[in-house]
Every structure is written in structure tokens, then in C-alpha cells.
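Pasted below: my_file-v8.txt, compact mmCIF, C-alpha atoms.
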```txt
# COMPACT_ATOMS: atom_id res chain seq x y z
CA MET G 14 0.00 0.00 0.00
CA LYS G 15 1.21 3.52 -0.82
CA ASN G 16 2.58 5.88 1.83
CA ILE G 17 1.02 9.34 1.66
CA ILE G 18 2.17 12.34 3.68
CA LEU G 19 -0.19 15.30 3.99
CA HIS G 20 2.13 18.28 4.01
CA ASP G 21 1.55 21.64 5.68
CA PHE G 22 3.34 24.31 3.70
CA PRO G 23 4.24 26.93 6.36
CA SER G 24 2.42 29.79 4.66
CA ILE G 25 -0.76 27.71 4.42
CA HIS G 26 -0.57 26.57 8.06
CA SER G 27 -0.11 30.14 9.31
CA GLY G 28 -2.85 31.43 7.01
CA LEU G 29 -5.34 29.11 8.70
CA LEU G 30 -4.65 30.17 12.28
CA PRO G 31 -6.15 30.09 14.91
CA LEU G 32 -7.72 26.80 13.77
CA THR G 33 -4.32 25.25 12.99
CA PHE G 34 -2.73 26.20 16.30
CA THR G 35 -3.90 22.81 17.57
CA ARG G 36 -4.03 20.61 14.45
CA PRO G 37 -2.43 20.06 11.06
CA VAL G 38 -4.22 21.57 8.08
CA SER G 39 -5.50 18.14 6.99
CA GLU G 40 -7.40 17.77 10.29
CA LEU G 41 -9.59 20.78 9.52
CA HIS G 42 -13.20 19.81 8.94
CA ILE G 43 -15.31 20.64 5.90
CA GLY G 44 -18.26 18.71 4.50
CA PHE G 45 -18.54 15.34 6.26
CA GLY G 46 -15.28 15.45 8.20
CA SER G 47 -11.57 16.20 7.97
CA ILE G 48 -9.59 16.74 4.78
CA ARG G 49 -7.53 13.65 5.68
CA GLU G 50 -10.65 11.49 5.94
CA LYS G 51 -11.67 12.53 2.43
CA TRP G 52 -8.29 11.50 1.04
CA GLN G 53 -8.44 8.16 2.84
CA LYS G 54 -11.87 7.51 1.36
CA LEU G 55 -10.87 8.22 -2.24
CA LEU G 56 -7.23 7.09 -2.17
CA PRO G 57 -6.63 4.30 0.38
CA ALA G 58 -3.06 4.35 1.68
CA ASN G 59 -0.95 4.67 4.81
CA TYR G 60 -1.42 8.31 5.83
CA SER G 61 0.70 10.52 8.06
CA TYR G 62 1.55 14.20 8.46
CA SER G 63 4.26 16.75 7.84
CA THR G 64 3.36 19.72 10.00
CA ALA G 65 4.68 22.28 12.50
CA ASP G 66 7.36 20.93 14.83
CA TYR G 67 5.33 21.35 18.02
CA LEU G 68 2.43 19.34 16.51
CA ALA G 69 4.62 16.49 15.28
CA GLU G 70 4.47 14.41 18.49
CA LEU G 71 0.68 14.06 18.17
CA PHE G 72 0.69 14.08 14.37
CA PRO G 73 3.91 12.35 13.27
CA THR G 74 5.43 11.62 9.90
CA ALA G 75 5.24 7.83 9.73
CA SER G 76 7.21 7.17 6.56
CA ASP G 77 10.25 8.36 4.65
CA ILE G 78 9.41 11.19 2.24
CA ALA G 79 11.62 9.59 -0.42
CA GLU G 80 9.29 6.59 -0.39
CA SER G 81 6.03 8.53 -0.22
CA ILE G 82 3.65 10.70 -2.17
CA VAL G 83 3.51 14.14 -0.55
CA ILE G 84 0.18 15.94 -0.96
CA ALA G 85 -0.53 19.57 -0.06
CA ALA G 86 -2.77 19.29 3.00
CA ASN G 87 -5.09 22.13 1.99
CA ILE G 88 -6.28 20.48 -1.25
CA LEU G 89 -9.60 18.62 -1.19
CA PRO G 90 -9.66 15.43 -3.27
CA ASP G 91 -12.02 14.46 -6.04
CA PRO G 92 -12.10 11.11 -7.88
CA MET G 93 -10.14 12.38 -10.89
CA LEU G 94 -7.48 13.99 -8.71
CA ALA G 95 -7.12 10.88 -6.54
CA ASP G 96 -6.68 8.74 -9.65
CA THR G 97 -4.13 11.13 -11.14
CA ILE G 98 -2.03 11.15 -7.97
CA SER G 99 -2.24 7.38 -7.65
CA ASN G 100 -0.54 7.05 -11.05
CA MET G 101 2.28 9.55 -10.43
CA LYS G 102 5.86 8.38 -10.96
CA HIS G 103 8.80 9.04 -8.66
CA GLY G 104 10.21 12.53 -9.24
CA GLU G 105 6.96 13.93 -10.69
CA MET G 106 5.14 16.98 -9.36
CA LEU G 107 1.49 17.86 -9.96
CA THR G 108 0.49 21.52 -9.69
CA LEU G 109 -2.47 23.84 -9.90
CA ALA G 110 -2.72 26.20 -12.86
CA ASP G 111 -0.96 28.92 -10.82
CA GLY G 112 2.00 26.63 -10.17
CA SER G 113 1.14 25.80 -6.56
CA PRO G 114 2.08 22.20 -5.72
CA ILE G 115 -0.69 19.64 -5.32
CA ALA G 116 1.43 16.50 -5.00
CA MET G 117 5.07 15.41 -5.21
CA HIS G 118 6.32 11.84 -5.47
CA GLY G 119 9.40 11.22 -3.35
CA PHE G 120 10.22 14.78 -2.28
CA SER G 121 8.67 17.78 -0.47
CA SER G 122 10.43 20.75 -2.09
CA PRO G 123 9.14 21.85 -5.52
CA GLU G 124 12.71 22.62 -6.59
CA GLU G 125 13.47 18.88 -6.53
CA ALA G 126 10.92 18.00 -9.22
CA GLU G 127 12.27 16.09 -12.22
CA SER G 128 9.07 16.72 -14.22
CA THR G 129 6.04 18.90 -13.60
CA HIS G 130 2.47 18.47 -14.79
CA VAL G 131 -0.44 20.89 -14.42
CA TYR G 132 -3.65 19.30 -13.16
CA PRO G 133 -6.48 20.09 -15.60
CA GLY G 134 -9.20 20.04 -12.93
CA ASP G 135 -10.24 22.68 -10.41
CA PRO G 136 -10.10 21.19 -6.88
CA ILE G 137 -11.19 23.05 -3.77
CA VAL G 138 -8.22 24.76 -2.11
CA ILE G 139 -8.42 25.94 1.53
CA ARG G 140 -6.21 28.97 2.17
CA ARG G 141 -8.05 30.98 4.83
CA PRO G 142 -10.42 29.98 7.69
CA TYR G 143 -13.45 31.38 5.90
CA ASP G 144 -12.82 29.07 2.92
CA LEU G 145 -14.19 26.26 5.10
CA PHE G 146 -17.70 27.75 5.11
CA LEU G 147 -17.42 29.25 1.62
CA TYR G 148 -16.80 25.81 0.04
CA ASN G 149 -18.86 23.77 2.47
CA ALA G 150 -21.85 23.34 0.15
CA GLU G 151 -19.65 21.79 -2.56
CA ALA G 152 -17.92 19.58 -0.01
CA ILE G 153 -21.17 18.31 1.53
CA LYS G 154 -22.66 17.47 -1.86
CA ALA G 155 -19.52 15.63 -2.96
CA ASP G 156 -19.26 13.76 0.35
CA PHE G 157 -22.94 12.83 0.24
CA GLU G 158 -22.46 11.18 -3.13
CA THR G 159 -19.32 9.35 -1.99
CA ASN G 160 -20.70 8.21 1.37
CA THR G 161 -24.15 7.05 0.25
CA ALA G 162 -23.14 5.06 -2.82
CA ASP G 163 -24.48 1.50 -2.58
CA ARG G 164 -25.93 2.18 0.86
CA ARG G 165 -29.51 2.44 2.09
CA SER G 166 -30.78 5.05 4.52
CA GLN G 167 -32.78 4.17 7.60
CA PRO G 168 -36.45 5.05 7.06
CA ILE G 169 -37.60 8.59 7.68
CA SER G 170 -40.21 8.78 10.45
CA PRO G 171 -43.78 9.53 9.28
CA THR G 172 -43.83 12.31 11.89
CA CYS G 173 -41.35 14.27 9.73
CA THR G 174 -42.13 16.62 6.86
CA VAL G 175 -40.04 16.41 3.70
CA ILE G 176 -39.84 19.26 1.20
CA GLY G 177 -37.99 18.25 -1.94
CA ASP G 178 -36.45 14.91 -2.82
CA SER G 179 -36.52 12.42 0.08
CA SER G 180 -33.70 10.42 -1.54
CA LEU G 181 -31.40 13.30 -0.59
CA ILE G 182 -31.95 12.54 3.11
CA PHE G 183 -29.74 9.84 4.63
CA LEU G 184 -30.05 8.56 8.18
CA GLU G 185 -27.37 6.21 9.47
CA GLU G 186 -28.14 3.41 11.91
CA GLY G 187 -29.19 4.83 15.26
CA ALA G 188 -29.93 8.32 13.93
CA ARG G 189 -33.13 9.75 15.39
CA ALA G 190 -35.39 12.46 13.96
CA GLU G 191 -39.04 12.96 14.93
CA ALA G 192 -41.37 15.80 13.92
CA VAL G 193 -38.57 17.46 11.93
CA THR G 194 -38.95 19.46 8.72
CA PHE G 195 -36.37 18.52 6.08
CA ASN G 196 -35.89 20.68 2.98
CA THR G 197 -33.58 19.26 0.30
CA THR G 198 -34.36 21.69 -2.51
CA ALA G 199 -30.90 23.29 -2.15
CA GLY G 200 -28.92 20.21 -1.16
CA PRO G 201 -28.78 16.90 0.75
CA ILE G 202 -29.11 16.24 4.48
CA TYR G 203 -27.04 13.55 6.20
CA ILE G 204 -27.54 12.47 9.83
CA SER G 205 -24.82 10.21 11.23
CA LYS G 206 -24.91 7.26 13.59
CA ASP G 207 -26.58 7.88 16.96
CA ALA G 208 -27.16 11.58 16.25
CA GLU G 209 -30.51 13.10 17.22
CA VAL G 210 -32.52 15.92 15.66
CA MET G 211 -35.23 16.85 18.14
CA GLU G 212 -38.83 17.73 17.40
CA GLY G 213 -39.78 21.04 15.85
CA SER G 214 -36.39 21.56 14.20
CA CYS G 215 -36.15 22.77 10.60
CA LEU G 216 -33.19 21.71 8.45
CA ARG G 217 -32.59 23.19 5.02
CA GLY G 218 -29.76 21.43 3.20
CA PRO G 219 -26.99 20.98 2.42
CA ILE G 220 -26.37 19.81 5.99
CA PHE G 221 -24.17 17.24 7.71
CA ILE G 222 -24.76 16.13 11.32
CA GLY G 223 -21.94 14.07 12.84
CA GLU G 224 -22.06 10.99 15.09
CA HIS G 225 -23.63 11.43 18.54
CA ALA G 226 -24.44 15.08 17.80
CA SER G 227 -27.63 16.65 19.18
CA VAL G 228 -29.84 19.22 17.50
CA ASN G 229 -32.09 20.67 20.19
CA MET G 230 -35.80 21.36 19.86
CA LEU G 231 -36.93 24.12 17.49
CA THR G 232 -33.46 24.61 16.01
CA ARG G 233 -33.28 26.27 12.59
CA ILE G 234 -30.32 25.20 10.45
CA TYR G 235 -29.64 26.67 7.03
CA GLY G 236 -27.09 25.19 4.66
CA ALA G 237 -24.35 24.85 4.05
CA THR G 238 -23.70 23.65 7.60
CA SER G 239 -21.55 20.87 9.08
CA ILE G 240 -21.97 19.92 12.73
CA GLY G 241 -19.17 17.71 14.03
CA ALA G 242 -19.40 14.57 16.13
CA HIS G 243 -20.56 14.99 19.74
CA CYS G 244 -21.64 18.61 19.18
CA LYS G 245 -24.83 20.14 20.59
CA VAL G 246 -26.57 22.92 18.68
CA GLY G 247 -29.67 25.05 19.04
CA GLY G 248 -31.12 28.40 18.00
CA GLU G 249 -30.48 29.73 14.48
CA ILE G 250 -27.49 28.54 12.46
CA ASN G 251 -26.54 29.50 8.91
CA ASN G 252 -23.54 28.21 6.90
CA ILE G 253 -21.18 27.17 9.68
CA VAL G 254 -18.54 24.49 10.21
CA MET G 255 -18.35 23.26 13.81
CA HIS G 256 -15.55 20.88 14.73
CA PRO G 257 -16.25 17.92 17.05
CA TYR G 258 -17.08 18.32 20.76
CA SER G 259 -18.30 21.92 20.63
CA ASN G 260 -21.61 23.39 21.78
CA LYS G 261 -24.00 26.13 20.82
CA ALA G 262 -26.98 24.54 22.50
CA HIS G 263 -29.28 27.53 23.06
CA ASP G 264 -31.02 30.38 21.28
CA GLY G 265 -28.91 32.93 19.46
CA PHE G 266 -27.65 33.43 15.90
CA LEU G 267 -24.42 32.09 14.41
CA GLY G 268 -23.73 32.44 10.70
CA ASN G 269 -20.84 32.19 8.21
CA ALA G 270 -18.61 30.88 10.97
CA VAL G 271 -15.98 28.26 11.82
CA ILE G 272 -15.82 26.93 15.37
CA GLY G 273 -12.98 24.74 16.65
CA SER G 274 -13.27 21.81 19.06
CA TRP G 275 -14.12 22.00 22.77
CA CYS G 276 -15.78 25.42 22.39
CA ASN G 277 -18.97 26.58 24.09
CA LEU G 278 -21.25 29.48 23.16
CA GLY G 279 -23.59 30.31 26.05
CA ALA G 280 -27.34 30.98 25.95
CA GLY G 281 -28.26 34.04 23.95
CA CYS G 282 -24.82 34.35 22.37
CA VAL G 283 -25.03 36.08 18.98
CA ALA G 284 -22.44 36.80 16.29
CA SER G 285 -22.94 39.32 13.52
CA ASN G 286 -22.06 38.19 10.01
CA LEU G 287 -22.83 41.42 8.13
CA LYS G 288 -21.64 44.98 8.72
CA ASN G 289 -24.31 47.64 9.14
CA ASP G 290 -22.86 49.65 6.25
CA TYR G 291 -22.60 46.55 3.99
CA THR G 292 -18.94 47.25 3.26
CA GLU G 293 -16.27 44.66 2.57
CA ILE G 294 -15.14 42.65 5.59
CA LYS G 295 -11.62 42.73 6.95
CA LEU G 296 -10.37 39.78 9.04
CA TRP G 297 -7.43 39.45 11.42
CA ASP G 298 -4.47 37.72 9.77
CA TYR G 299 -1.87 36.11 12.04
CA SER G 300 0.90 36.14 9.43
CA THR G 301 0.88 39.91 8.95
CA ARG G 302 -0.72 40.77 12.33
CA ARG G 303 -3.11 43.05 10.51
CA PHE G 304 -6.75 43.11 9.45
CA LEU G 305 -6.79 42.18 5.77
CA ARG G 306 -9.44 42.60 3.11
CA THR G 307 -11.37 39.40 2.34
CA GLY G 308 -13.62 40.37 -0.55
CA LEU G 309 -16.50 39.04 1.56
CA GLN G 310 -19.71 40.69 2.63
CA PHE G 311 -20.65 37.90 5.06
CA CYS G 312 -18.30 36.57 7.72
CA GLY G 313 -19.09 35.80 11.34
CA LEU G 314 -17.04 34.20 14.11
CA ILE G 315 -13.74 32.31 13.69
CA MET G 316 -12.96 30.58 17.02
CA GLY G 317 -10.00 28.40 17.98
CA ASP G 318 -10.18 25.31 20.19
CA HIS G 319 -11.12 25.42 23.90
CA SER G 320 -12.63 28.91 23.75
CA LYS G 321 -15.83 29.92 25.55
CA ALA G 322 -18.39 32.73 25.45
CA GLY G 323 -20.73 33.42 28.36
CA ILE G 324 -24.46 34.04 28.17
CA ASN G 325 -25.60 36.93 25.97
CA THR G 326 -22.11 37.50 24.57
CA MET G 327 -22.16 39.64 21.42
CA PHE G 328 -19.56 39.34 18.68
CA ASN G 329 -18.98 41.93 15.99
CA THR G 330 -18.80 40.93 12.34
CA ALA G 331 -15.69 38.89 11.49
CA THR G 332 -14.32 38.37 14.99
CA VAL G 333 -11.30 36.08 15.39
CA VAL G 334 -10.90 34.37 18.76
CA GLY G 335 -7.78 32.35 19.54
CA VAL G 336 -7.29 29.20 21.61
CA GLY G 337 -8.23 28.94 25.29
CA VAL G 338 -10.16 32.22 25.46
CA ASN G 339 -12.94 32.93 28.00
CA ILE G 340 -15.21 35.85 27.09
CA HIS G 341 -17.99 37.13 29.35
CA GLY G 342 -19.80 40.30 30.35
CA THR G 343 -21.50 43.01 28.33
CA GLY G 344 -20.38 44.85 25.22
CA PHE G 345 -18.63 43.77 22.06
CA PRO G 346 -15.07 42.47 22.45
CA ARG G 347 -12.65 43.71 19.81
CA ASN G 348 -12.49 41.86 16.48
CA PHE G 349 -9.38 39.96 17.53
CA VAL G 350 -8.97 38.26 20.91
CA ALA G 351 -5.58 36.62 21.45
CA SER G 352 -5.21 33.06 22.73
CA PHE G 353 -5.21 32.33 26.47
CA SER G 354 -7.08 35.54 27.32
CA GLU G 355 -9.99 36.07 29.70
CA GLY G 356 -12.28 39.02 30.29
CA SER G 357 -14.87 41.27 28.69
CA ALA G 358 -15.19 44.41 26.62
CA GLY G 359 -16.05 46.36 29.75
CA THR G 360 -13.29 45.17 32.07
CA GLY G 361 -10.60 44.34 29.54
CA PHE G 362 -8.70 41.10 29.05
CA GLY G 363 -6.00 39.43 31.11
CA ASP G 364 -3.83 36.38 30.58
CA VAL G 365 -5.01 32.86 31.38
CA PRO G 366 -2.21 30.93 33.15
CA LEU G 367 -1.40 27.56 31.64
CA SER G 368 -2.37 25.80 34.89
CA LYS G 369 -5.84 27.35 34.81
CA PHE G 370 -6.32 26.51 31.15
CA MET G 371 -5.30 22.90 31.74
CA ALA G 372 -7.63 22.53 34.74
CA ILE G 373 -10.61 23.82 32.72
CA ALA G 374 -9.75 21.68 29.69
CA GLU G 375 -9.49 18.57 31.86
CA ARG G 376 -12.95 19.17 33.33
CA VAL G 377 -14.54 19.94 29.97
CA MET G 378 -13.05 16.92 28.21
CA ALA G 379 -13.78 14.53 31.08
CA ARG G 380 -17.50 15.28 30.65
CA ARG G 381 -17.20 13.61 27.23
CA ASP G 382 -15.01 10.76 28.55
CA VAL G 383 -11.92 12.12 26.82
CA ARG G 384 -8.63 12.21 28.73
CA ILE G 385 -5.83 14.73 28.18
CA THR G 386 -2.67 12.81 27.36
CA GLU G 387 0.89 13.90 28.15
CA PRO G 388 1.59 14.74 24.48
CA MET G 389 -1.48 17.00 24.54
CA ARG G 390 -0.16 18.73 27.67
CA ARG G 391 3.17 19.37 25.96
CA LEU G 392 1.40 20.73 22.89
CA TYR G 393 -0.67 23.18 24.95
CA ALA G 394 2.37 24.23 26.98
CA THR G 395 4.32 25.02 23.81
CA LEU G 396 1.33 26.78 22.30
CA HIS G 397 0.92 28.89 25.46
CA GLU G 398 4.45 30.20 24.92
CA LEU G 399 4.08 30.65 21.17
CA THR G 400 0.94 32.73 21.37
CA ASP G 401 2.49 35.36 23.66
CA ALA G 402 3.82 36.93 20.47
CA TYR G 403 0.27 37.81 19.34
CA LYS G 404 -0.81 39.65 22.49
```

Written as C-alpha cells, that's how I'd like the structure from this file.
Amino acid sequence: MKNIILHDFPSIHSGLLPLTFTRPVSELHIGFGSIREKWQKLLPANYSYSTADYLAELFPTASDIAESIVIAANILPDPMLADTISNMKHGEMLTLADGSPIAMHGFSSPEEAESTHVYPGDPIVIRRPYDLFLYNAEAIKADFETNTADRRSQPISPTCTVIGDSSLIFLEEGARAEAVTFNTTAGPIYISKDAEVMEGSCLRGPIFIGEHASVNMLTRIYGATSIGAHCKVGGEINNIVMHPYSNKAHDGFLGNAVIGSWCNLGAGCVASNLKNDYTEIKLWDYSTRRFLRTGLQFCGLIMGDHSKAGINTMFNTATVVGVGVNIHGTGFPRNFVASFSEGSAGTGFGDVPLSKFMAIAERVMARRDVRITEPMRRLYATLHELTDAYK
């Protein structure tokens, strides 16, 4: 079996902060799951990572690059691309039309290529956090086709209302949905194993609900939305990607957003996704430490892992929140809140000591029967030092 290494080019990894502070690029979720999981589905092989040094203990490189195919971790696969890469010869490089590497056989530096070929297709490329929600509709539709082929859905309860094509609704074994309105006119709806959509909820595809996730009563979800495994959601949601083990369980609006893992948005928390003057949105960029133009009119909250927002927290349009942040109190916090910070717009923000962060993370994760390992502790300790530069 082939060895494949999913490679984080440094500029791509930094461009996707704060989400990649705690994971390689290929562990970002879009559509039905992580980028890595999509590659494994379409191109079976032995997969490992080439990522930032401090992440390498948890996400190691398991094979010699000289004996592997190296794939840019921010490229989403499609059947034609997977087939093309599978047939690459040693020394070959496959690129996008702009010359950016897609895959390299036996090396990780483009300068080492013996021959270069331009891929004729147009794959999805993730360069900034907001690309995850911008391309989520395409990813969900592609994943739905891949993951439902030659499979049969569990029956839809007669208590549910279906608008559109019922064949675009797929319920895995153990999925529960009663008195739910499904609308597939804009895209499919997929509910994973042991997930529950409670009564009175309205889902308008394309939507993916991960394993053991809960959609609370009277929730309104607009596509394109992906809810990760073990998440709990409620209120009004529009075009978001939520990584596993995060919660927005109560009323409040969240739109055009990406939420990391182990996050919690309290009751009544709302996040603007449109400026009052309808002007172009600027978003904090870690590489330049500036707010950069995005070309977008809609962008909500970008939140790193282990961050929390108390009840009735209000976020301005295009707010970036780092890792391990605790926001509470009245008023709008600024559009960038650095990692390991705690406070409010009214009182200001102070540093969160590593010991306090670790104690909170242990309690939060234990509620889901997940234990913090020693490699995780070392990762968070290193990250705590690294993020001082952004405060």
C-alpha cells in the first residue's frame, strides 16, 4: 500500500490560524469530516503528516518522504485527482494552474521535481479559515455522493415533513429524527450514527450532522452547515462548520462561521455576520498581524479550540478568537482576541495561566469521557508560549 504524507506548507498553516494552532491543516473539517478522511476515502493508503514541529508528536510523519507521495494538506480530493495522484511516478510533481504544488512523489520541495504536470481540474483549495464555510456546500454534496453510494438510509419517520427529494436525506443506523422538517431543494441532508434531531427543528440542506451530535428542539439550520461529532446545537445557524465536541446549544444566531473543538457558546450568544454599512469585511491575519481585506460581505465568528463565550455575549462581524479564550460580560469584544485571554469588553482582558487553562480543559473533556494525554499537555504548553507573540 502507498505511503502518503499530507504536508503543511508553512504559509498555508499560518494562514489558517487560529484553527491550525492545535491541528495540522488536513485535520480541519469541511463537509462530512476532515480533509484527511476525504483522502483516505478516495485514495486508500498509509497516511501521516508533515506539519509544524510542536504538533509532530501528536501528528507524526510515519514514513520516509523519499518513499512517499507528498500531498498539499489544503487540497480537497475528487475522484479524478485521486486517480491522477495514484498514477504519479517518482520525481513527478502535480500543480495547480498557478504553479502551486498539489502533490510530489518522493520529495517535499518543488525545486526537486524532475518533471512537472499541471492538473487540468479545479479542486477546492483551503487557504483561509473562511474558505471552510465558503466551500462547504460543494464539499457536503460531494461527500454525500461518496458516502451514500451503494448504501440504504434508515427510514424517515412519518412524523417528519419532507420538502424536496426524500432520496437526498440519509439517516445512518441509530440516527433519530421525529417531527422534523427537512428541505432538500438546495442540497442533501445527512444524519450520522446515533445523532438526534429533536422535534420542531427545521433543516434546510446541504447539511451534515456528525455521530452522537444533538440538535435541540426548534433549532433552525440553514445550509451549508456541518456539525461535528458529539456537538450540541440550538437556535439559528446558517452556513457554519463546527468541529467535534463543541456546543452552541441555546437560542442565538451564528452564521458564516468556523468553530474549533471543545468550544462553548452560552445561551443568547449572537455573532454578527454582516456589517451595518454593507462594506467589505476585513479579518485578522496572524501572518501579517493586521486586518486584511477578504472580498466578503458575510463573515461571522472564527474561534479556535477550547474557547468559551458566556451568556448573551455579542460578537462583531468577522471576529477572530484564539485558543483557550474565556469571554464574558457586556459589550462587544474587539475583532481579535488573542489566545489564552480572559475578560470582557467592559473590564478588559487578562492572561489565562497555563495551569488554569489545563484545569478547565481537563474538566470539559472529562465530561465527554476524553482524557488529556501527556503529548497534549506538551502541545498546549508550547502553544501557550508561542501565542504570547500575538498579544

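One finds CA of Arg141 in chain G at 26.1 Å from CA of His118 in chain G.
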
What lies within 12 Å of Ala262 in chain G using all atoms listed in the file, ignoring chain neighbours under 5 positions off, as a VMD selection string?
-> chain G and resid 226 to 233 240 243 to 250 267 276 to 282 324

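Computed from the coordinates, the CA of Val350 in chain G to CA of Asn269 in chain G distance equals 18.4 Å.
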
Just give me the residues with any atom within 12 Å of (9.7, 18.6, -7.1), file coordinates, counting all atoms listed in the file, written as a VMD selection string.
-> chain G and resid 78 to 79 82 to 84 102 to 108 112 to 130

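Atom pair CA of Asn251 in chain G / CA of Gly268 in chain G has a distance of 4.4 Å (rounded to one decimal).
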
Atom completion result for range 30-43 of chain G (N, CA, C and O atoms) as a PDB file, keeping the file's coordinate frame:
```
ATOM      1  N   LEU G  30      -4.529  29.917  10.852  1.00  0.00           N
ATOM      2  CA  LEU G  30      -4.650  30.170  12.280  1.00  0.00           C
ATOM      3  C   LEU G  30      -5.896  30.999  12.546  1.00  0.00           C
ATOM      4  O   LEU G  30      -6.332  31.756  11.692  1.00  0.00           O
ATOM      5  N   PRO G  31      -6.543  30.845  13.721  1.00  0.00           N
ATOM      6  CA  PRO G  31      -6.150  30.090  14.910  1.00  0.00           C
ATOM      7  C   PRO G  31      -6.543  28.604  14.870  1.00  0.00           C
ATOM      8  O   PRO G  31      -6.227  27.864  15.786  1.00  0.00           O
ATOM      9  N   LEU G  32      -7.216  28.177  13.812  1.00  0.00           N
ATOM     10  CA  LEU G  32      -7.720  26.800  13.770  1.00  0.00           C
ATOM     11  C   LEU G  32      -6.585  25.794  13.722  1.00  0.00           C
ATOM     12  O   LEU G  32      -6.702  24.678  14.244  1.00  0.00           O
ATOM     13  N   THR G  33      -5.452  26.165  13.109  1.00  0.00           N
ATOM     14  CA  THR G  33      -4.320  25.250  12.990  1.00  0.00           C
ATOM     15  C   THR G  33      -3.301  25.406  14.106  1.00  0.00           C
ATOM     16  O   THR G  33      -2.235  24.793  14.047  1.00  0.00           O
ATOM     17  N   PHE G  34      -3.582  26.204  15.121  1.00  0.00           N
ATOM     18  CA  PHE G  34      -2.730  26.200  16.300  1.00  0.00           C
ATOM     19  C   PHE G  34      -2.673  24.815  16.927  1.00  0.00           C
ATOM     20  O   PHE G  34      -1.665  24.420  17.499  1.00  0.00           O
ATOM     21  N   THR G  35      -3.768  24.074  16.834  1.00  0.00           N
ATOM     22  CA  THR G  35      -3.900  22.810  17.570  1.00  0.00           C
ATOM     23  C   THR G  35      -4.025  21.587  16.671  1.00  0.00           C
ATOM     24  O   THR G  35      -4.256  20.483  17.173  1.00  0.00           O
ATOM     25  N   ARG G  36      -3.874  21.744  15.372  1.00  0.00           N
ATOM     26  CA  ARG G  36      -4.030  20.610  14.450  1.00  0.00           C
ATOM     27  C   ARG G  36      -3.326  20.899  13.138  1.00  0.00           C
ATOM     28  O   ARG G  36      -3.172  22.070  12.750  1.00  0.00           O
ATOM     29  N   PRO G  37      -2.920  19.849  12.430  1.00  0.00           N
ATOM     30  CA  PRO G  37      -2.430  20.060  11.060  1.00  0.00           C
ATOM     31  C   PRO G  37      -3.572  20.531  10.160  1.00  0.00           C
ATOM     32  O   PRO G  37      -4.755  20.361  10.479  1.00  0.00           O
ATOM     33  N   VAL G  38      -3.214  21.081   9.027  1.00  0.00           N
ATOM     34  CA  VAL G  38      -4.220  21.570   8.080  1.00  0.00           C
ATOM     35  C   VAL G  38      -5.174  20.449   7.668  1.00  0.00           C
ATOM     36  O   VAL G  38      -6.386  20.661   7.552  1.00  0.00           O
ATOM     37  N   SER G  39      -4.662  19.238   7.475  1.00  0.00           N
ATOM     38  CA  SER G  39      -5.500  18.140   6.990  1.00  0.00           C
ATOM     39  C   SER G  39      -6.513  17.654   8.018  1.00  0.00           C
ATOM     40  O   SER G  39      -7.411  16.885   7.683  1.00  0.00           O
ATOM     41  N   GLU G  40      -6.411  18.124   9.277  1.00  0.00           N
ATOM     42  CA  GLU G  40      -7.400  17.770  10.290  1.00  0.00           C
ATOM     43  C   GLU G  40      -8.502  18.822  10.414  1.00  0.00           C
ATOM     44  O   GLU G  40      -9.392  18.701  11.269  1.00  0.00           O
ATOM     45  N   LEU G  41      -8.468  19.846   9.586  1.00  0.00           N
ATOM     46  CA  LEU G  41      -9.590  20.780   9.520  1.00  0.00           C
ATOM     47  C   LEU G  41     -10.790  20.080   8.909  1.00  0.00           C
ATOM     48  O   LEU G  41     -10.661  19.262   8.005  1.00  0.00           O
ATOM     49  N   HIS G  42     -11.979  20.441   9.407  1.00  0.00           N
ATOM     50  CA  HIS G  42     -13.200  19.810   8.940  1.00  0.00           C
ATOM     51  C   HIS G  42     -13.915  20.684   7.917  1.00  0.00           C
ATOM     52  O   HIS G  42     -13.966  21.911   8.038  1.00  0.00           O
ATOM     53  N   ILE G  43     -14.472  20.017   6.921  1.00  0.00           N
ATOM     54  CA  ILE G  43     -15.310  20.640   5.900  1.00  0.00           C
ATOM     55  C   ILE G  43     -16.150  19.516   5.295  1.00  0.00           C
ATOM     56  O   ILE G  43     -15.677  18.393   5.154  1.00  0.00           O
TER      57      ILE G  43
END
```
